[in-house]
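Below: upload38.pdb (PDB, C-alpha atoms and all ligand atoms)
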ATOM      1  CA  MET A 974      71.230  76.860  98.013  1.00  0.00           C
ATOM      2  CA  ASN A 975      72.609  80.232  99.142  1.00  0.00           C
ATOM      3  CA  ARG A 976      74.162  82.287  96.346  1.00  0.00           C
ATOM      4  CA  LEU A 977      76.835  84.974  96.583  1.00  0.00           C
ATOM      5  CA  ALA A 978      77.690  87.418  93.784  1.00  0.00           C
ATOM      6  CA  LEU A 979      81.152  89.000  93.774  1.00  0.00           C
ATOM      7  CA  LEU A 980      81.790  92.061  91.617  1.00  0.00           C
ATOM      8  CA  GLY A 981      85.494  92.082  90.700  1.00  0.00           C
ATOM      9  CA  ALA A 982      87.167  88.910  89.399  1.00  0.00           C
ATOM     10  CA  SER A 983      90.627  89.878  90.625  1.00  0.00           C
ATOM     11  CA  GLY A 984      93.265  88.050  92.675  1.00  0.00           C
ATOM     12  CA  HIS A 985      91.693  89.687  95.713  1.00  0.00           C
ATOM     13  CA  GLY A 986      88.344  88.400  94.429  1.00  0.00           C
ATOM     14  CA  LYS A 987      89.672  84.842  94.400  1.00  0.00           C
ATOM     15  CA  VAL A 988      90.746  85.116  98.041  1.00  0.00           C
ATOM     16  CA  VAL A 989      87.295  86.471  98.937  1.00  0.00           C
ATOM     17  CA  ALA A 990      85.583  83.645  96.993  1.00  0.00           C
ATOM     18  CA  ASP A 991      87.699  81.029  98.734  1.00  0.00           C
ATOM     19  CA  MET A 992      86.835  82.546 102.117  1.00  0.00           C
ATOM     20  CA  ALA A 993      83.140  82.677 101.199  1.00  0.00           C
ATOM     21  CA  GLN A 994      83.138  78.944 100.447  1.00  0.00           C
ATOM     22  CA  LEU A 995      84.808  78.305 103.795  1.00  0.00           C
ATOM     23  CA  LEU A 996      82.019  80.322 105.417  1.00  0.00           C
ATOM     24  CA  GLY A 997      79.376  78.088 103.825  1.00  0.00           C
ATOM     25  CA  TRP A 998      78.307  79.996 100.690  1.00  0.00           C
ATOM     26  CA  GLN A 999      77.250  77.184  98.350  1.00  0.00           C
ATOM     27  CA  SER A1000      77.410  79.102  95.084  1.00  0.00           C
ATOM     28  CA  VAL A1001      79.879  81.889  94.317  1.00  0.00           C
ATOM     29  CA  GLN A1002      79.596  83.714  90.990  1.00  0.00           C
ATOM     30  CA  PHE A1003      81.772  86.533  89.717  1.00  0.00           C
ATOM     31  CA  PHE A1004      80.835  89.592  87.703  1.00  0.00           C
ATOM     32  CA  ASP A1005      83.463  91.851  86.137  1.00  0.00           C
ATOM     33  CA  ASP A1006      83.454  94.689  83.632  1.00  0.00           C
ATOM     34  CA  ALA A1007      86.121  92.829  81.604  1.00  0.00           C
ATOM     35  CA  TRP A1008      83.478  90.189  80.762  1.00  0.00           C
ATOM     36  CA  PRO A1009      82.955  88.559  78.198  1.00  0.00           C
ATOM     37  CA  SER A1010      86.675  88.507  77.349  1.00  0.00           C
ATOM     38  CA  PHE A1011      87.251  87.390  80.930  1.00  0.00           C
ATOM     39  CA  ALA A1012      84.924  84.407  81.478  1.00  0.00           C
ATOM     40  CA  SER A1013      86.399  82.704  84.533  1.00  0.00           C
ATOM     41  CA  ASN A1014      88.433  83.557  87.606  1.00  0.00           C
ATOM     42  CA  CYS A1015      90.214  80.167  87.865  1.00  0.00           C
ATOM     43  CA  HIS A1016      87.785  78.130  89.968  1.00  0.00           C
ATOM     44  CA  TRP A1017      84.744  80.370  89.561  1.00  0.00           C
ATOM     45  CA  PRO A1018      82.739  81.502  86.512  1.00  0.00           C
ATOM     46  CA  VAL A1019      82.403  85.148  85.505  1.00  0.00           C
ATOM     47  CA  ALA A1020      78.731  85.474  84.617  1.00  0.00           C
ATOM     48  CA  GLY A1021      78.595  89.013  83.286  1.00  0.00           C
ATOM     49  CA  ASP A1022      79.471  92.638  84.010  1.00  0.00           C
ATOM     50  CA  THR A1023      78.036  95.223  86.412  1.00  0.00           C
ATOM     51  CA  THR A1024      74.980  95.719  84.190  1.00  0.00           C
ATOM     52  CA  THR A1025      74.265  91.968  84.188  1.00  0.00           C
ATOM     53  CA  LEU A1026      74.582  91.827  87.965  1.00  0.00           C
ATOM     54  CA  LEU A1027      72.228  94.779  88.411  1.00  0.00           C
ATOM     55  CA  ALA A1028      69.661  92.967  86.236  1.00  0.00           C
ATOM     56  CA  HIS A1029      69.887  89.785  88.335  1.00  0.00           C
ATOM     57  CA  LEU A1030      70.300  91.127  91.887  1.00  0.00           C
ATOM     58  CA  GLN A1031      67.207  89.340  93.179  1.00  0.00           C
ATOM     59  CA  GLU A1032      68.789  85.943  92.396  1.00  0.00           C
ATOM     60  CA  PHE A1033      71.489  86.429  95.036  1.00  0.00           C
ATOM     61  CA  ASP A1034      71.342  86.093  98.814  1.00  0.00           C
ATOM     62  CA  GLY A1035      74.448  88.228  99.164  1.00  0.00           C
ATOM     63  CA  VAL A1036      76.477  90.661  97.048  1.00  0.00           C
ATOM     64  CA  LEU A1037      79.991  91.989  97.690  1.00  0.00           C
ATOM     65  CA  VAL A1038      82.416  94.143  95.712  1.00  0.00           C
ATOM     66  CA  SER A1039      85.785  92.362  95.542  1.00  0.00           C
ATOM     67  CA  ILE A1040      87.820  95.054  93.785  1.00  0.00           C
ATOM     68  CA  GLY A1041      91.158  96.018  95.352  1.00  0.00           C
ATOM     69  CA  HIS A1042      91.229  99.610  94.059  1.00  0.00           C
ATOM     70  CA  CYS A1043      89.605 101.668  96.818  1.00  0.00           C
ATOM     71  CA  ALA A1044      87.798 104.391  94.846  1.00  0.00           C
ATOM     72  CA  THR A1045      86.427 101.878  92.320  1.00  0.00           C
ATOM     73  CA  ARG A1046      85.281  99.537  95.074  1.00  0.00           C
ATOM     74  CA  TRP A1047      83.463 102.382  96.810  1.00  0.00           C
ATOM     75  CA  GLN A1048      81.841 103.633  93.611  1.00  0.00           C
ATOM     76  CA  LYS A1049      80.615 100.114  92.701  1.00  0.00           C
ATOM     77  CA  GLN A1050      79.292  99.524  96.219  1.00  0.00           C
ATOM     78  CA  ARG A1051      77.269 102.743  96.084  1.00  0.00           C
ATOM     79  CA  THR A1052      75.846 101.756  92.691  1.00  0.00           C
ATOM     80  CA  LEU A1053      74.777  98.361  94.058  1.00  0.00           C
ATOM     81  CA  GLN A1054      73.415  99.927  97.263  1.00  0.00           C
ATOM     82  CA  ALA A1055      71.299 102.357  95.260  1.00  0.00           C
ATOM     83  CA  ALA A1056      69.894  99.415  93.270  1.00  0.00           C
ATOM     84  CA  GLY A1057      68.869  97.627  96.492  1.00  0.00           C
ATOM     85  CA  ALA A1058      71.532  94.883  96.489  1.00  0.00           C
ATOM     86  CA  GLN A1059      71.740  92.715  99.583  1.00  0.00           C
ATOM     87  CA  LEU A1060      75.297  93.670 100.511  1.00  0.00           C
ATOM     88  CA  VAL A1061      77.139  91.453 102.980  1.00  0.00           C
ATOM     89  CA  SER A1062      80.358  91.565 105.011  1.00  0.00           C
ATOM     90  CA  LEU A1063      82.613  88.530 105.363  1.00  0.00           C
ATOM     91  CA  VAL A1064      84.889  87.621 108.270  1.00  0.00           C
ATOM     92  CA  HIS A1065      87.267  84.687 107.843  1.00  0.00           C
ATOM     93  CA  PRO A1066      86.748  81.982 110.482  1.00  0.00           C
ATOM     94  CA  ARG A1067      90.353  82.494 111.556  1.00  0.00           C
ATOM     95  CA  ALA A1068      90.131  86.261 111.865  1.00  0.00           C
ATOM     96  CA  CYS A1069      89.362  87.850 115.206  1.00  0.00           C
ATOM     97  CA  VAL A1070      86.867  90.711 115.310  1.00  0.00           C
ATOM     98  CA  SER A1071      85.876  92.002 118.747  1.00  0.00           C
ATOM     99  CA  SER A1072      82.173  91.816 119.527  1.00  0.00           C
ATOM    100  CA  LEU A1073      82.643  95.445 120.609  1.00  0.00           C
ATOM    101  CA  ALA A1074      84.047  96.559 117.254  1.00  0.00           C
ATOM    102  CA  THR A1075      81.877  97.834 114.365  1.00  0.00           C
ATOM    103  CA  LEU A1076      82.260  96.517 110.828  1.00  0.00           C
ATOM    104  CA  GLY A1077      80.525  98.355 107.979  1.00  0.00           C
ATOM    105  CA  VAL A1078      78.553  96.551 105.299  1.00  0.00           C
ATOM    106  CA  GLY A1079      80.557  95.323 102.320  1.00  0.00           C
ATOM    107  CA  SER A1080      83.763  94.983 104.344  1.00  0.00           C
ATOM    108  CA  VAL A1081      85.934  91.877 104.516  1.00  0.00           C
ATOM    109  CA  VAL A1082      88.305  90.679 107.236  1.00  0.00           C
ATOM    110  CA  MET A1083      90.739  88.101 105.903  1.00  0.00           C
ATOM    111  CA  ALA A1084      92.556  85.167 107.531  1.00  0.00           C
ATOM    112  CA  GLY A1085      94.663  85.989 110.574  1.00  0.00           C
ATOM    113  CA  ALA A1086      93.516  89.607 110.801  1.00  0.00           C
ATOM    114  CA  VAL A1087      92.505  91.213 114.102  1.00  0.00           C
ATOM    115  CA  VAL A1088      90.061  94.058 114.753  1.00  0.00           C
ATOM    116  CA  ASN A1089      90.126  95.018 118.406  1.00  0.00           C
ATOM    117  CA  VAL A1090      87.654  96.488 120.866  1.00  0.00           C
ATOM    118  CA  ASP A1091      85.919  99.781 119.997  1.00  0.00           C
ATOM    119  CA  ALA A1092      87.452  99.910 116.526  1.00  0.00           C
ATOM    120  CA  VAL A1093      85.092 101.247 113.851  1.00  0.00           C
ATOM    121  CA  VAL A1094      85.640  99.947 110.318  1.00  0.00           C
ATOM    122  CA  GLY A1095      83.670 101.733 107.599  1.00  0.00           C
ATOM    123  CA  GLU A1096      81.789 100.242 104.655  1.00  0.00           C
ATOM    124  CA  ALA A1097      83.584  98.444 101.793  1.00  0.00           C
ATOM    125  CA  CYS A1098      86.871  98.149 103.714  1.00  0.00           C
ATOM    126  CA  ILE A1099      89.452  95.401 103.330  1.00  0.00           C
ATOM    127  CA  ILE A1100      91.318  94.247 106.435  1.00  0.00           C
ATOM    128  CA  ASN A1101      93.696  91.966 104.610  1.00  0.00           C
ATOM    129  CA  THR A1102      95.590  88.826 105.627  1.00  0.00           C
ATOM    130  CA  GLY A1103      97.312  89.109 108.999  1.00  0.00           C
ATOM    131  CA  ALA A1104      96.667  92.857 109.378  1.00  0.00           C
ATOM    132  CA  SER A1105      95.632  94.401 112.684  1.00  0.00           C
ATOM    133  CA  VAL A1106      93.390  97.318 113.564  1.00  0.00           C
ATOM    134  CA  ASP A1107      93.763  98.014 117.231  1.00  0.00           C
ATOM    135  CA  HIS A1108      91.464  99.452 119.872  1.00  0.00           C
ATOM    136  CA  ASP A1109      89.615 102.696 119.119  1.00  0.00           C
ATOM    137  CA  CYS A1110      90.826 102.966 115.509  1.00  0.00           C
ATOM    138  CA  LYS A1111      88.400 104.724 113.153  1.00  0.00           C
ATOM    139  CA  LEU A1112      88.482 103.725 109.481  1.00  0.00           C
ATOM    140  CA  GLY A1113      86.442 105.596 106.879  1.00  0.00           C
ATOM    141  CA  HIS A1114      84.712 103.892 103.961  1.00  0.00           C
ATOM    142  CA  ALA A1115      86.662 101.883 101.346  1.00  0.00           C
ATOM    143  CA  VAL A1116      89.947 101.813 103.270  1.00  0.00           C
ATOM    144  CA  HIS A1117      92.363  98.981 102.483  1.00  0.00           C
ATOM    145  CA  ILE A1118      94.668  97.759 105.257  1.00  0.00           C
ATOM    146  CA  CYS A1119      97.028  95.517 103.271  1.00  0.00           C
ATOM    147  CA  PRO A1120      98.498  92.185 104.413  1.00  0.00           C
ATOM    148  CA  GLY A1121     100.604  92.398 107.560  1.00  0.00           C
ATOM    149  CA  ALA A1122      99.990  96.112 108.172  1.00  0.00           C
ATOM    150  CA  HIS A1123      99.445  97.169 111.765  1.00  0.00           C
ATOM    151  CA  LEU A1124      97.505 100.140 113.110  1.00  0.00           C
ATOM    152  CA  SER A1125      98.242 100.857 116.777  1.00  0.00           C
ATOM    153  CA  GLY A1126      95.429 102.035 119.049  1.00  0.00           C
ATOM    154  CA  ASP A1127      93.351 105.129 118.253  1.00  0.00           C
ATOM    155  CA  VAL A1128      94.555 105.600 114.671  1.00  0.00           C
ATOM    156  CA  ALA A1129      92.204 107.308 112.188  1.00  0.00           C
ATOM    157  CA  VAL A1130      92.270 106.562 108.454  1.00  0.00           C
ATOM    158  CA  GLY A1131      90.197 108.564 105.956  1.00  0.00           C
ATOM    159  CA  VAL A1132      87.995 107.419 103.070  1.00  0.00           C
ATOM    160  CA  CYS A1133      89.658 105.448 100.240  1.00  0.00           C
ATOM    161  CA  SER A1134      93.125 105.371 101.839  1.00  0.00           C
ATOM    162  CA  TRP A1135      95.490 102.493 101.145  1.00  0.00           C
ATOM    163  CA  ILE A1136      97.831 101.317 103.906  1.00  0.00           C
ATOM    164  CA  GLY A1137     100.456  99.168 102.147  1.00  0.00           C
ATOM    165  CA  VAL A1138     101.737  95.735 102.955  1.00  0.00           C
ATOM    166  CA  GLY A1139     103.730  95.577 106.202  1.00  0.00           C
ATOM    167  CA  VAL A1140     103.122  99.209 107.238  1.00  0.00           C
ATOM    168  CA  ALA A1141     103.216 100.190 110.923  1.00  0.00           C
ATOM    169  CA  VAL A1142     101.305 103.223 112.220  1.00  0.00           C
ATOM    170  CA  ARG A1143     102.032 104.811 115.610  1.00  0.00           C
ATOM    171  CA  GLN A1144      99.176 105.191 118.093  1.00  0.00           C
ATOM    172  CA  GLY A1145      96.991 108.256 117.786  1.00  0.00           C
ATOM    173  CA  VAL A1146      98.115 109.168 114.241  1.00  0.00           C
ATOM    174  CA  ARG A1147      95.517 110.750 111.891  1.00  0.00           C
ATOM    175  CA  ILE A1148      95.780 109.679 108.231  1.00  0.00           C
ATOM    176  CA  GLY A1149      93.615 111.631 105.782  1.00  0.00           C
ATOM    177  CA  ALA A1150      91.486 110.551 102.829  1.00  0.00           C
ATOM    178  CA  GLU A1151      92.896 109.044  99.603  1.00  0.00           C
ATOM    179  CA  VAL A1152      96.342 108.586 101.138  1.00  0.00           C
ATOM    180  CA  MET A1153      98.715 105.912  99.805  1.00  0.00           C
ATOM    181  CA  VAL A1154     101.239 104.559 102.328  1.00  0.00           C
ATOM    182  CA  GLY A1155     103.912 102.524 100.535  1.00  0.00           C
ATOM    183  CA  ALA A1156     104.911  99.005 101.482  1.00  0.00           C
ATOM    184  CA  GLY A1157     106.913  98.729 104.702  1.00  0.00           C
ATOM    185  CA  ALA A1158     106.567 102.365 105.794  1.00  0.00           C
ATOM    186  CA  VAL A1159     106.457 103.456 109.432  1.00  0.00           C
ATOM    187  CA  VAL A1160     103.996 106.314 109.948  1.00  0.00           C
ATOM    188  CA  VAL A1161     104.752 108.397 113.032  1.00  0.00           C
ATOM    189  CA  LYS A1162     103.037 111.728 112.218  1.00  0.00           C
ATOM    190  CA  ASP A1163      99.635 112.830 110.920  1.00  0.00           C
ATOM    191  CA  VAL A1164      99.203 112.698 107.126  1.00  0.00           C
ATOM    192  CA  SER A1165      96.966 115.078 105.174  1.00  0.00           C
ATOM    193  CA  ASP A1166      94.600 114.055 102.353  1.00  0.00           C
ATOM    194  CA  GLY A1167      95.906 112.762  99.050  1.00  0.00           C
ATOM    195  CA  HIS A1168      99.567 112.198  99.952  1.00  0.00           C
ATOM    196  CA  THR A1169     101.772 109.218  99.031  1.00  0.00           C
ATOM    197  CA  LEU A1170     104.333 108.323 101.701  1.00  0.00           C
ATOM    198  CA  VAL A1171     107.195 105.819 101.916  1.00  0.00           C
ATOM    199  CA  GLY A1172     110.009 104.900 104.285  1.00  0.00           C
ATOM    200  CA  ASN A1173     110.872 104.877 107.968  1.00  0.00           C
ATOM    201  CA  PRO A1174     109.933 107.384 109.205  1.00  0.00           C
ATOM    202  CA  ALA A1175     107.384 107.816 106.398  1.00  0.00           C
ATOM    203  CA  ARG A1176     107.881 110.900 104.209  1.00  0.00           C
ATOM    204  CA  PRO A1177     106.137 112.111 101.023  1.00  0.00           C
ATOM    205  CA  LEU A1178     107.330 110.333  97.879  1.00  0.00           C
TER     206      LEU A1178
HETATM  207  C1  LIG A1201     104.574 103.665  97.247  1.00  0.00           C
HETATM  208  C2  LIG A1201     104.127 103.124  95.924  1.00  0.00           C
HETATM  209  C3  LIG A1201     102.619 103.359  95.764  1.00  0.00           C
HETATM  210  C4  LIG A1201     104.880 103.896  94.841  1.00  0.00           C
HETATM  211  O1  LIG A1201     104.557 103.389  93.602  1.00  0.00           O
HETATM  212  P1  LIG A1201     105.041 104.193  92.287  1.00  0.00           P
HETATM  213  O2  LIG A1201     104.431 105.554  92.294  1.00  0.00           O
HETATM  214  O3  LIG A1201     104.743 103.291  91.119  1.00  0.00           O
HETATM  215  O4  LIG A1201     106.578 104.413  92.525  1.00  0.00           O
HETATM  216  P2  LIG A1201     107.847 103.718  91.820  1.00  0.00           P
HETATM  217  O5  LIG A1201     107.799 102.239  91.918  1.00  0.00           O
HETATM  218  O6  LIG A1201     107.991 104.345  90.458  1.00  0.00           O
HETATM  219  O7  LIG A1201     109.035 104.233  92.742  1.00  0.00           O
HETATM  220  C5  LIG A1201     109.385 105.601  92.859  1.00  0.00           C
HETATM  221  C6  LIG A1201     110.527 105.696  93.855  1.00  0.00           C
HETATM  222  O8  LIG A1201     110.046 105.393  95.170  1.00  0.00           O
HETATM  223  C7  LIG A1201     110.741 104.272  95.718  1.00  0.00           C
HETATM  224  N1  LIG A1201     109.746 103.451  96.405  1.00  0.00           N
HETATM  225  C8  LIG A1201     108.617 102.903  95.869  1.00  0.00           C
HETATM  226  N2  LIG A1201     107.948 102.248  96.801  1.00  0.00           N
HETATM  227  C9  LIG A1201     108.635 102.370  97.947  1.00  0.00           C
HETATM  228  C10 LIG A1201     108.415 101.882  99.257  1.00  0.00           C
HETATM  229  N3  LIG A1201     107.337 101.160  99.558  1.00  0.00           N
HETATM  230  N4  LIG A1201     109.332 102.206 100.212  1.00  0.00           N
HETATM  231  C11 LIG A1201     110.421 102.940  99.895  1.00  0.00           C
HETATM  232  N5  LIG A1201     110.672 103.432  98.663  1.00  0.00           N
HETATM  233  C12 LIG A1201     109.803 103.140  97.692  1.00  0.00           C
HETATM  234  C13 LIG A1201     111.365 103.566  94.521  1.00  0.00           C
HETATM  235  O9  LIG A1201     112.502 102.835  94.893  1.00  0.00           O
HETATM  236  C14 LIG A1201     111.672 104.710  93.603  1.00  0.00           C
HETATM  237  O10 LIG A1201     112.832 105.338  94.056  1.00  0.00           O
HETATM  238  P3  LIG A1201     113.914 105.982  93.016  1.00  0.00           P
HETATM  239  O11 LIG A1201     113.160 107.081  92.303  1.00  0.00           O
HETATM  240  O12 LIG A1201     114.994 106.466  93.913  1.00  0.00           O
HETATM  241  O13 LIG A1201     114.288 104.856  92.108  1.00  0.00           O
HETATM  242  C15 LIG A1201     104.386 101.589  95.765  1.00  0.00           C
HETATM  243  O14 LIG A1201     105.743 101.305  95.555  1.00  0.00           O
HETATM  244  C16 LIG A1201     103.924 100.783  96.978  1.00  0.00           C
HETATM  245  O15 LIG A1201     104.650 100.578  97.970  1.00  0.00           O
HETATM  246  N6  LIG A1201     102.666 100.290  96.893  1.00  0.00           N
HETATM  247  C17 LIG A1201     102.036  99.483  97.920  1.00  0.00           C
HETATM  248  C18 LIG A1201     102.042  98.023  97.477  1.00  0.00           C
HETATM  249  C19 LIG A1201     101.241  97.162  98.411  1.00  0.00           C
HETATM  250  O16 LIG A1201     101.139  97.409  99.581  1.00  0.00           O
HETATM  251  N7  LIG A1201     100.610  96.126  97.861  1.00  0.00           N
HETATM  252  C20 LIG A1201      99.745  95.284  98.639  1.00  0.00           C
HETATM  253  C21 LIG A1201      98.734  94.617  97.758  1.00  0.00           C
HETATM  254  S1  LIG A1201      97.548  93.744  98.689  1.00  0.00           S
END
Step by step, read the file and then write its structure as structure tokens.
Ligand SMILES: CC(C)(COP(=O)(O)OP(=O)(O)OC[C@H]1O[C@@H](n2cnc3c(N)ncnc32)[C@H](O)[C@@H]1OP(=O)(O)O)[C@@H](O)C(=O)NCCC(=O)NCCS
Amino acid sequence: MNRLALLGASGHGKVVADMAQLLGWQSVQFFDDAWPSFASNCHWPVAGDTTTLLAHLQEFDGVLVSIGHCATRWQKQRTLQAAGAQLVSLVHPRACVSSLATLGVGSVVMAGAVVNVDAVVGEACIINTGASVDHDCKLGHAVHICPGAHLSGDVAVGVCSWIGVGVAVRQGVRIGAEVMVGAGAVVVKDVSDGHTLVGNPARPL
């Protein structure tokens, strides 16, 4: 039986677990730092916290961090990497990832999402439901492209940035690290590190 450990028993974690089962993982077990007060994530047990997972890494054929918050996801992935965890990436059977795109370890591509030719997606990224990352885009580590957000061709997004639900980004735009783009925004100009933007055209909040 192949066994997958997911760190982060969130709503996002449930979607990842459901996808993992669809992909043929026979056992999916959650770990979460809210354990033991949080002992199940609906259909899946929560078996312990990060410390428990680190003590049992060798029992799992794959490990993935399923935490929505970008900086936390990245920090947990690096902890697991340093401990020698067998990190995996998951691509939903109804997502479309070009064979000429690159997907970093620990990243997930959810149902209906598209990653096009020559795109580079870093480690621990989330390309969420129905989002698209077009040709030649470059995503740093731990980026989250939320459901229904669209990056035109040749867009760059820095480490730990969050591109909100339904956002559109014009081709060639450079978005820095730790940027938050609010739901529904239209980004037409470069964005420097650490900014939060909303609206059409997107402006600092
Ligand atoms: C942009 C965002 C981060 C701001 O959150 P916040 O700091 O808690 O801000 P608030 O909700 O207090 O709103 C502050 C102001 O910004 C406005 N605002 C918030 N989000 C906005 C958005 N997406 N577009 C336009 N205006 C927005 C509010 O109406 C409010 O305006 P007011 O001061 O005139 O009343 C958040 O609203 C957002 O859009 N998050 C992304 C959500 C998402 O994509 N989720 C996907 C999960 S998978």
Please enclose the listed atoms of segment 1144-1163 of chain A in an axis-aligned box, pad each side by 4 Å, and write out the centre and the three edge lengths in Å, rounded to one decimal, as JSON.
{"center_x": 99.2, "center_y": 105.8, "center_z": 108.8, "size_x": 23.4, "size_y": 22.1, "size_z": 26.5}
Counting only C-alpha atoms and all ligand atoms, the residue among A:Val1116, A:Val1164, A:Met1153, A:Val1159 that lies closest to ligand LIG 1201 (chain A) is A:Met1153
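Here the question is which of A:Cys1043, A:Val1087, A:Cys1110, A:Ala1150 gets nearest to ligand LIG 1201 (chain A) using all atoms listed in the file, and that residue is A:Cys1043.
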_What would the selection look like, as a PyMOL selection string, if the PyMOL selection byres (((not hetatm)) within 10 of (chain A and resi 1201)) were run on the coordinates I just shared?_
chain A and resi 984-985+1041-1042+1099-1102+1117-1122+1135-1140+1152-1159+1169-1173+1175-1178
Fill in: Within 10 Å of file point (85.2, 98.3, 108.5), counting all atoms listed in the file, expressed as a list in words
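Residues with an atom at most 10 Å from (85.2, 98.3, 108.5): Ser1062, Ala1074, Thr1075, Leu1076, Gly1077, Val1078, Gly1079, Ser1080, Val1081, Val1082, Val1088, Ala1092, Val1093, Val1094, Gly1095, Glu1096, Ala1097, Cys1098, Ile1099, Ile1100, Val1106, Lys1111, Leu1112, Gly1113, His1114, Ala1115, Val1116 and His1117 of chain A.
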Written file, previous selection with C-alpha atoms, as a PDB file, in the coordinates of the input:
ATOM      1  CA  SER A1062      80.358  91.565 105.011  1.00  0.00           C
ATOM      2  CA  ALA A1074      84.047  96.559 117.254  1.00  0.00           C
ATOM      3  CA  THR A1075      81.877  97.834 114.365  1.00  0.00           C
ATOM      4  CA  LEU A1076      82.260  96.517 110.828  1.00  0.00           C
ATOM      5  CA  GLY A1077      80.525  98.355 107.979  1.00  0.00           C
ATOM      6  CA  VAL A1078      78.553  96.551 105.299  1.00  0.00           C
ATOM      7  CA  GLY A1079      80.557  95.323 102.320  1.00  0.00           C
ATOM      8  CA  SER A1080      83.763  94.983 104.344  1.00  0.00           C
ATOM      9  CA  VAL A1081      85.934  91.877 104.516  1.00  0.00           C
ATOM     10  CA  VAL A1082      88.305  90.679 107.236  1.00  0.00           C
ATOM     11  CA  VAL A1088      90.061  94.058 114.753  1.00  0.00           C
ATOM     12  CA  ALA A1092      87.452  99.910 116.526  1.00  0.00           C
ATOM     13  CA  VAL A1093      85.092 101.247 113.851  1.00  0.00           C
ATOM     14  CA  VAL A1094      85.640  99.947 110.318  1.00  0.00           C
ATOM     15  CA  GLY A1095      83.670 101.733 107.599  1.00  0.00           C
ATOM     16  CA  GLU A1096      81.789 100.242 104.655  1.00  0.00           C
ATOM     17  CA  ALA A1097      83.584  98.444 101.793  1.00  0.00           C
ATOM     18  CA  CYS A1098      86.871  98.149 103.714  1.00  0.00           C
ATOM     19  CA  ILE A1099      89.452  95.401 103.330  1.00  0.00           C
ATOM     20  CA  ILE A1100      91.318  94.247 106.435  1.00  0.00           C
ATOM     21  CA  VAL A1106      93.390  97.318 113.564  1.00  0.00           C
ATOM     22  CA  LYS A1111      88.400 104.724 113.153  1.00  0.00           C
ATOM     23  CA  LEU A1112      88.482 103.725 109.481  1.00  0.00           C
ATOM     24  CA  GLY A1113      86.442 105.596 106.879  1.00  0.00           C
ATOM     25  CA  HIS A1114      84.712 103.892 103.961  1.00  0.00           C
ATOM     26  CA  ALA A1115      86.662 101.883 101.346  1.00  0.00           C
ATOM     27  CA  VAL A1116      89.947 101.813 103.270  1.00  0.00           C
ATOM     28  CA  HIS A1117      92.363  98.981 102.483  1.00  0.00           C
TER      29      HIS A1117
END
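The shell of residues at most 12 Å from segment 1007-1011 of chain A, with all atoms listed in the file counted and near chain neighbours (fewer than 2 positions) removed, consists of Leu980, Gly981, Ala982, Ser983, Phe1003, Phe1004, Asp1005, Ser1013, Asn1014, Cys1015, Trp1017, Pro1018, Val1019, Ala1020, Gly1021, Asp1022, Thr1023, Thr1024, Thr1025 and Leu1026 of chain A.
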Using only C-alpha atoms, the best pick from A:Arg976, A:Ser1000, A:Gly1085, A:Trp1047 as closest to Asp1034 of chain A would be A:Arg976
Counting only C-alpha atoms, closest pick from A:Ala1055, A:Leu1124, A:Leu1027, A:Leu1060 relative to Gly1145 of chain A is A:Leu1124
